[in-house]
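**Q** Here you go, this is protein.cif (mmCIF, C-alpha atoms).
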data_protein
#
loop_
_atom_site.label_atom_id
_atom_site.label_comp_id
_atom_site.auth_asym_id
_atom_site.auth_seq_id
_atom_site.Cartn_x
_atom_site.Cartn_y
_atom_site.Cartn_z
CA MET A 1 0.71 7.96 -13.62
CA CYS A 2 3.62 6.76 -15.80
CA TYR A 3 4.56 4.08 -13.26
CA LEU A 4 1.06 2.59 -13.61
CA LEU A 5 1.62 2.25 -17.34
CA LEU A 6 4.98 0.61 -16.60
CA MET A 7 3.34 -1.84 -14.19
CA LYS A 8 0.72 -2.62 -16.79
CA SER A 9 3.25 -3.20 -19.57
CA ILE A 10 5.31 -5.49 -17.32
CA LEU A 11 2.24 -7.50 -16.34
CA ILE A 12 1.08 -7.87 -19.95
CA ALA A 13 4.54 -8.95 -21.10
CA LEU A 14 4.94 -11.46 -18.30
CA ILE A 15 1.52 -13.02 -18.71
CA GLY A 16 2.04 -13.13 -22.48
CA SER A 17 5.25 -15.09 -21.99
CA LEU A 18 3.71 -17.69 -19.67
CA SER A 19 2.95 -21.18 -20.89
CA LEU A 20 -0.67 -21.59 -21.94
CA THR A 21 -0.91 -24.94 -20.20
CA THR A 22 -3.11 -24.59 -17.15
CA GLY A 23 -0.62 -25.83 -14.57
CA ALA A 24 2.32 -23.77 -15.80
CA PHE A 25 0.22 -20.65 -16.16
CA ALA A 26 -1.22 -20.89 -12.66
CA GLN A 27 2.19 -21.48 -11.10
CA SER A 28 3.91 -18.64 -12.96
CA ALA A 29 1.04 -16.16 -12.60
CA GLU A 30 1.52 -16.19 -8.84
CA ASP A 31 4.93 -14.64 -9.39
CA VAL A 32 3.52 -11.90 -11.64
CA TYR A 33 1.17 -10.37 -9.09
CA GLY A 34 2.26 -8.79 -5.80
CA THR A 35 4.40 -5.89 -4.65
CA PHE A 36 6.18 -4.00 -7.42
CA ASP A 37 8.09 -1.49 -5.31
CA VAL A 38 8.22 0.29 -1.96
CA GLN A 39 9.95 3.61 -1.33
CA PHE A 40 10.55 5.53 1.88
CA GLN A 41 9.75 9.25 1.93
CA ALA A 42 10.29 11.77 4.71
CA ILE A 43 7.69 14.56 4.67
CA THR A 44 9.28 17.91 5.52
CA THR A 45 8.20 21.51 5.97
CA GLN A 46 10.96 24.11 5.77
CA GLY A 47 13.50 21.42 6.54
CA VAL A 48 11.64 19.98 9.54
CA VAL A 49 10.53 16.35 9.30
CA LEU A 50 6.82 16.11 10.13
CA GLY A 51 6.01 12.73 8.63
CA CYS A 52 7.39 9.36 7.52
CA HIS A 53 5.84 7.51 4.58
CA LEU A 54 6.24 4.17 2.82
CA ASN A 55 4.96 4.50 -0.75
CA TYR A 56 3.89 1.20 -2.31
CA LYS A 57 2.79 -0.19 -5.68
CA SER A 58 1.21 -3.60 -6.15
CA ILE A 59 -0.89 -5.59 -8.61
CA ILE A 60 -3.61 -7.96 -7.42
CA GLN A 61 -6.39 -10.12 -8.81
CA ASP A 62 -9.79 -9.13 -7.45
CA PHE A 63 -11.72 -12.33 -6.80
CA ALA A 64 -14.03 -10.65 -4.31
CA TYR A 65 -15.78 -8.28 -6.72
CA ASN A 66 -14.60 -8.91 -10.28
CA GLN A 67 -13.80 -12.56 -11.04
CA GLY A 68 -10.04 -12.22 -10.66
CA ALA A 69 -9.60 -9.11 -12.81
CA PRO A 70 -6.20 -7.41 -12.36
CA TYR A 71 -5.99 -4.17 -10.42
CA ALA A 72 -3.15 -1.81 -9.63
CA VAL A 73 -3.17 -0.97 -5.91
CA PHE A 74 -0.88 1.86 -4.86
CA GLY A 75 -0.55 4.70 -2.38
CA ASN A 76 1.19 5.12 0.95
CA MET A 77 1.02 4.48 4.66
CA GLY A 78 2.66 6.79 7.13
CA ILE A 79 2.97 8.46 10.49
CA SER A 80 2.77 12.22 11.01
CA ILE A 81 2.98 14.71 13.82
CA SER A 82 -0.49 16.07 14.65
CA GLU A 83 -1.33 19.74 14.26
CA ASN A 84 -0.90 20.40 17.98
CA LYS A 85 2.49 18.60 17.83
CA ARG A 86 1.62 16.64 20.97
CA ASN A 87 0.94 13.24 19.40
CA LEU A 88 1.22 11.19 16.25
CA VAL A 89 -1.44 10.12 13.76
CA VAL A 90 -1.45 7.33 11.19
CA GLY A 91 -2.47 7.89 7.59
CA THR A 92 -3.12 5.64 4.59
CA LYS A 93 -3.74 6.43 0.95
CA VAL A 94 -5.20 3.56 -1.08
CA ILE A 95 -5.80 3.93 -4.82
CA THR A 96 -7.03 1.13 -7.08
CA ASN A 97 -7.31 1.03 -10.87
CA GLN A 98 -8.62 -1.83 -12.99
CA MET A 99 -6.28 -2.97 -15.78
CA ASN A 100 -7.31 -4.36 -19.16
CA LEU A 101 -4.75 -6.98 -20.21
CA LYS A 102 -6.52 -7.81 -23.47
CA ASN A 103 -6.07 -4.27 -24.75
CA PRO A 104 -2.73 -2.64 -23.79
CA ASN A 105 -4.01 0.74 -25.00
CA ALA A 106 -7.17 0.69 -22.89
CA PRO A 107 -7.27 3.32 -20.13
CA LEU A 108 -6.98 2.31 -16.51
CA ILE A 109 -10.36 2.41 -14.77
CA PRO A 110 -10.43 4.07 -11.32
CA ALA A 111 -12.13 1.89 -8.70
CA LYS A 112 -12.25 3.81 -5.43
CA PRO A 113 -12.34 1.78 -2.21
CA TYR A 114 -15.07 2.43 0.35
CA PHE A 115 -12.98 1.84 3.49
CA ALA A 116 -9.33 0.89 4.07
CA TYR A 117 -7.07 0.07 7.00
CA LEU A 118 -3.79 -1.65 7.93
CA GLN A 119 -3.23 -5.19 9.15
CA SER A 120 -0.17 -6.95 10.56
CA PRO A 121 1.00 -10.45 9.52
CA SER A 122 -0.49 -11.80 12.76
CA GLY A 123 -3.91 -10.26 12.02
CA VAL A 124 -3.82 -7.15 14.24
CA ASN A 125 -5.58 -4.27 12.47
CA ASN A 126 -6.40 -0.63 13.12
CA ALA A 127 -9.90 -0.50 11.59
CA LYS A 128 -11.48 0.55 14.89
CA SER A 129 -8.89 3.34 15.27
CA PHE A 130 -10.37 5.22 12.29
CA ILE A 131 -10.77 8.97 12.79
CA LYS A 132 -11.78 10.36 9.41
CA GLY A 133 -11.52 9.78 5.68
CA MET A 134 -11.70 11.71 2.44
CA ASP A 135 -11.27 11.25 -1.28
CA SER A 136 -7.68 11.19 -2.48
CA ASP A 137 -6.34 13.80 -4.87
CA THR A 138 -5.85 10.89 -7.30
CA GLN A 139 -8.88 9.31 -8.98
CA GLY A 140 -9.79 5.93 -7.56
CA GLY A 141 -8.38 6.59 -4.11
CA ILE A 142 -9.21 7.43 -0.51
CA PHE A 143 -7.15 8.91 2.29
CA SER A 144 -7.80 7.75 5.86
CA VAL A 145 -6.56 8.96 9.25
CA PHE A 146 -6.24 6.76 12.36
CA ASN A 147 -5.18 7.13 15.97
CA PHE A 148 -1.63 6.16 16.85
CA ASP A 149 -2.72 3.65 19.49
CA ASP A 150 -1.84 0.22 20.84
CA SER A 151 -3.18 -1.51 17.74
CA PHE A 152 -0.93 0.47 15.46
CA VAL A 153 2.06 0.08 17.78
CA GLU A 154 1.73 -3.69 17.30
CA ILE A 155 1.39 -3.26 13.54
CA TYR A 156 4.46 -1.00 13.55
CA LYS A 157 6.50 -3.52 15.55
CA GLN A 158 5.70 -6.21 13.00
CA ILE A 159 6.55 -3.87 10.12
CA LEU A 160 10.05 -3.55 11.58
CA GLU A 161 10.37 -7.25 12.45
CA LYS A 162 8.57 -9.00 9.59
CA LYS A 163 9.14 -6.35 6.89
CA THR A 164 5.56 -6.68 5.70
CA VAL A 165 2.12 -5.13 6.21
CA SER A 166 -1.24 -5.61 4.52
CA ILE A 167 -3.45 -2.93 3.02
CA VAL A 168 -7.07 -4.04 3.53
CA PHE A 169 -10.03 -2.43 1.79
CA ASN A 170 -13.56 -3.05 0.56
CA ARG A 171 -15.50 -1.50 -2.30
CA LYS A 172 -18.92 -1.16 -0.65
CA LYS A 173 -20.24 -0.54 2.85
CA ASN A 174 -20.27 -3.74 4.91
CA ALA A 175 -18.91 -5.69 1.93
CA GLN A 176 -16.06 -8.20 1.79
CA ASP A 177 -12.53 -7.03 2.51
CA ILE A 178 -9.65 -7.50 0.07
CA VAL A 179 -6.30 -8.14 1.75
CA VAL A 180 -3.23 -6.90 -0.13
CA PRO A 181 0.05 -8.05 1.47
CA ILE A 182 2.85 -5.57 0.82
CA ASP A 183 6.40 -6.94 0.86
CA LEU A 184 8.29 -3.94 2.23
CA THR A 185 11.63 -5.33 1.05
CA VAL A 186 10.77 -4.96 -2.66
CA VAL A 187 12.48 -1.77 -3.80
CA SER A 188 12.05 -2.23 -7.57
CA THR A 189 10.81 -4.56 -10.30
CA ASN A 190 12.38 -4.59 -13.76
CA ASN A 191 10.65 -5.12 -17.10
CA LYS A 192 11.23 -8.88 -16.80
CA GLY A 193 9.44 -9.02 -13.49
CA ILE A 194 12.59 -9.58 -11.45
CA ARG A 195 12.34 -7.97 -8.02
CA THR A 196 15.23 -6.31 -6.19
CA LYS A 197 14.95 -6.60 -2.41
CA SER A 198 16.49 -4.69 0.49
CA ASP A 199 15.70 -3.86 4.12
CA LYS A 200 16.72 -0.24 3.56
CA MET A 201 13.23 1.25 3.15
CA VAL A 202 11.96 -0.31 6.38
CA ASN A 203 15.12 0.67 8.26
CA ASP A 204 14.88 4.27 7.02
CA PHE A 205 11.20 4.35 7.96
CA GLY A 206 11.99 3.11 11.47
CA GLN A 207 14.70 5.73 11.99
CA CYS A 208 12.35 8.44 10.75
CA VAL A 209 9.56 7.38 13.11
CA SER A 210 12.01 7.29 16.03
CA GLY A 211 12.77 10.92 15.25
CA LEU A 212 9.07 11.81 15.31
CA LEU A 213 8.65 10.08 18.66
CA ARG A 214 11.52 12.08 20.12
CA GLU A 215 10.03 15.30 18.76
CA VAL A 216 6.60 14.59 20.25
CA ALA A 217 8.18 13.66 23.59
CA LYS A 218 9.57 17.20 23.84
CA ASN A 219 6.02 18.56 23.93
#
Go ahead and render the structure in this file as structure tokens.
**A**
Amino acid sequence: MCYLLLMKSILIALIGSLSLTTGAFAQSAEDVYGTFDVQFQAITTQGVVLGCHLNYKSIIQDFAYNQGAPYAVFGNMGISISENKRNLVVGTKVITNQMNLKNPNAPLIPAKPYFAYLQSPSGVNNAKSFIKGMDSDTQGGIFSVFNFDDSFVEIYKQILEKKTVSIVFNRKKNAQDIVVPIDLTVVSTNNKGIRTKSDKMVNDFGQCVSGLLREVAKN
């Protein structure tokens, strides 16, 4: 959880340094929130790659449920070989924690989503491809599994082309969705809020998924 504390300290420092004039604050605050970093991770078992993940960290303002309060949104999205090794499945982990910017020492408050899915820049989503869900092993999070179908193939194509994807979730059944765009080129953010960008994570993810597709094709 140390990276959450880092994100919180960066956000507090940046907001504290913004001009208190309304216009300047609003303009600069837009640069404070957003993707903090994305990392590629290959999931292996005894040296065999069985999954490909993109781990993400982001900070948003929740205007849907909490009057613009800041929340850390983090987790992963990935593709894995199914247990029968004949097809692929899509998985997402979405964890949200409310941050208290007025008190840097206040604990983060877990705020578990009710339902979450993926959405492409053009609006294609895989909500109807949902198979099952469960609580995450981290407080404030859920893990969801989806079919690897035509909807996700379109999302995947746009991940490779546009280098972005949105994590979408709500907090209650049939309640409003929150859309969190993830810039997949952001590989790090320093303590001044300056982001380092690269296509490497997306490229590595694409190569990993190509390997999974070849493995499934054998069966």
**Q** What residues have an atom no more than 7 Å from (-11.7, 3.5, -5.1) in the file's own frame, counting only C-alpha atoms, and can you write them as a list of chain:residue names?
**A**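 I get A:Ile95, A:Thr96, A:Pro110, A:Ala111, A:Lys112, A:Pro113, A:Tyr114, A:Gly140, A:Gly141, A:Ile142, A:Arg171 for the residues within 7 Å of that point.
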**Q** Run the PyMOL selection byres ((chain A and resi 34) around 6) on the file and write out the hits as a PyMOL selection string.
**A** chain A and resi 33+35+58-59
**Q** Please expand the PyMOL selection byres ((chain A and resi 215) around 12) into the concrete residues it hits in this file, giving the result as a JSON list (two decimals) with C-alpha atoms, keeping the file's coordinate frame.
**A**
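Wrote it out as expr35.json, contents follow:
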[["chain", "number", "residue", "atom", "x", "y", "z"],
["A", 48, "VAL", "CA", 11.64, 19.98, 9.54],
["A", 49, "VAL", "CA", 10.53, 16.35, 9.30],
["A", 50, "LEU", "CA", 6.82, 16.11, 10.13],
["A", 51, "GLY", "CA", 6.01, 12.73, 8.63],
["A", 80, "SER", "CA", 2.77, 12.22, 11.01],
["A", 81, "ILE", "CA", 2.98, 14.71, 13.82],
["A", 82, "SER", "CA", -0.49, 16.07, 14.65],
["A", 85, "LYS", "CA", 2.49, 18.60, 17.83],
["A", 86, "ARG", "CA", 1.62, 16.64, 20.97],
["A", 87, "ASN", "CA", 0.94, 13.24, 19.40],
["A", 88, "LEU", "CA", 1.22, 11.19, 16.25],
["A", 208, "CYS", "CA", 12.35, 8.44, 10.75],
["A", 209, "VAL", "CA", 9.56, 7.38, 13.11],
["A", 210, "SER", "CA", 12.01, 7.29, 16.03],
["A", 211, "GLY", "CA", 12.77, 10.92, 15.25],
["A", 212, "LEU", "CA", 9.07, 11.81, 15.31],
["A", 213, "LEU", "CA", 8.65, 10.08, 18.66],
["A", 214, "ARG", "CA", 11.52, 12.08, 20.12],
["A", 216, "VAL", "CA", 6.60, 14.59, 20.25],
["A", 217, "ALA", "CA", 8.18, 13.66, 23.59],
["A", 218, "LYS", "CA", 9.57, 17.20, 23.84],
["A", 219, "ASN", "CA", 6.02, 18.56, 23.93]]
**Q** So how far away is CA of Ile60 in chain A from CA of Val180 in chain A, in Å?
**A**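 Atom-to-atom, CA of Val180 in chain A to CA of Ile60 in chain A, that is 7.4 Å.
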**Q** Determine the residue set returned by the PyMOL selection byres ((chain A and resi 55) around 8) for the present structure, and present it as a ChimeraX atom specification.
**A** /A:38-41,53-54,56-57,74-77
**Q** Just to confirm, what's the straight-line distance from CA of Ile131 in chain A to CA of Ser144 in chain A in Å (one decimal)?
**A**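 Pair CA of Ile131 in chain A / CA of Ser144 in chain A returns 7.6 Å.
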**Q** Tell me which residues come within 9 Å of (-4.8, 11.0, 1.5), as a list of chain:residue names, counting all atoms listed in the file in the file's coordinates.
**A**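 Collected hits near the coordinates: A:Gly75, A:Asn76, A:Gly91, A:Thr92, A:Lys93, A:Val94, A:Gly133, A:Met134, A:Asp135, A:Ser136, A:Asp137, A:Thr138, A:Gly141, A:Ile142, A:Phe143, A:Ser144, A:Val145.
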**Q** Grab the CA of Thr164 in chain A to CA of Leu108 in chain A distance for me, in Å with one decimal place.
**A**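 CA of Leu108 in chain A lies at a distance of 27.0 Å from CA of Thr164 in chain A.
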**Q** Which of these, A:Asp204, A:Leu184, A:Ile178, A:Pro70, has the shortest distance to Leu101 in chain A once you count only C-alpha atoms?
**A**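 Looking at the shortest contact to Leu101 in chain A, the residue is A:Pro70.
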**Q** Given all atoms listed in the file as the basis, pick out the residue of A:Ala175, A:Val186, A:Val89, A:Leu160 nearest to Asn203 in chain A.
**A**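 That would be A:Leu160, the residue with the smallest distance to Asn203 in chain A.
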**Q** Using only C-alpha atoms for the distances, tell me which of A:Val179, A:Val124, A:Ile79, A:Met201 is nearest to Ile43 in chain A.
**A** A:Ile79
**Q** For Ile155 in chain A, which residue out of A:Gly193, A:Gly68, A:Gly123, A:Pro107 is the nearest one, using all atoms listed in the file?
**A**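 Residue with the minimum atom-to-atom distance to Ile155 in chain A: A:Gly123.
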**Q** What's around Lys162 in chain A at 12 Å? Count all atoms listed in the file, leave out sequence neighbours fewer than 2 positions away in its own chain, and write the answer as a PyMOL selection string.
**A** chain A and resi 120-122+154-160+164-166+181-185+199+202-203
**Q** Given the choices A:Ala64, A:Gln98, A:Phe152, A:Asn105, which gets closest to Lys128 in chain A if the distance is worked out from only C-alpha atoms?
**A**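 Closest residue, counting only C-alpha atoms: A:Phe152.
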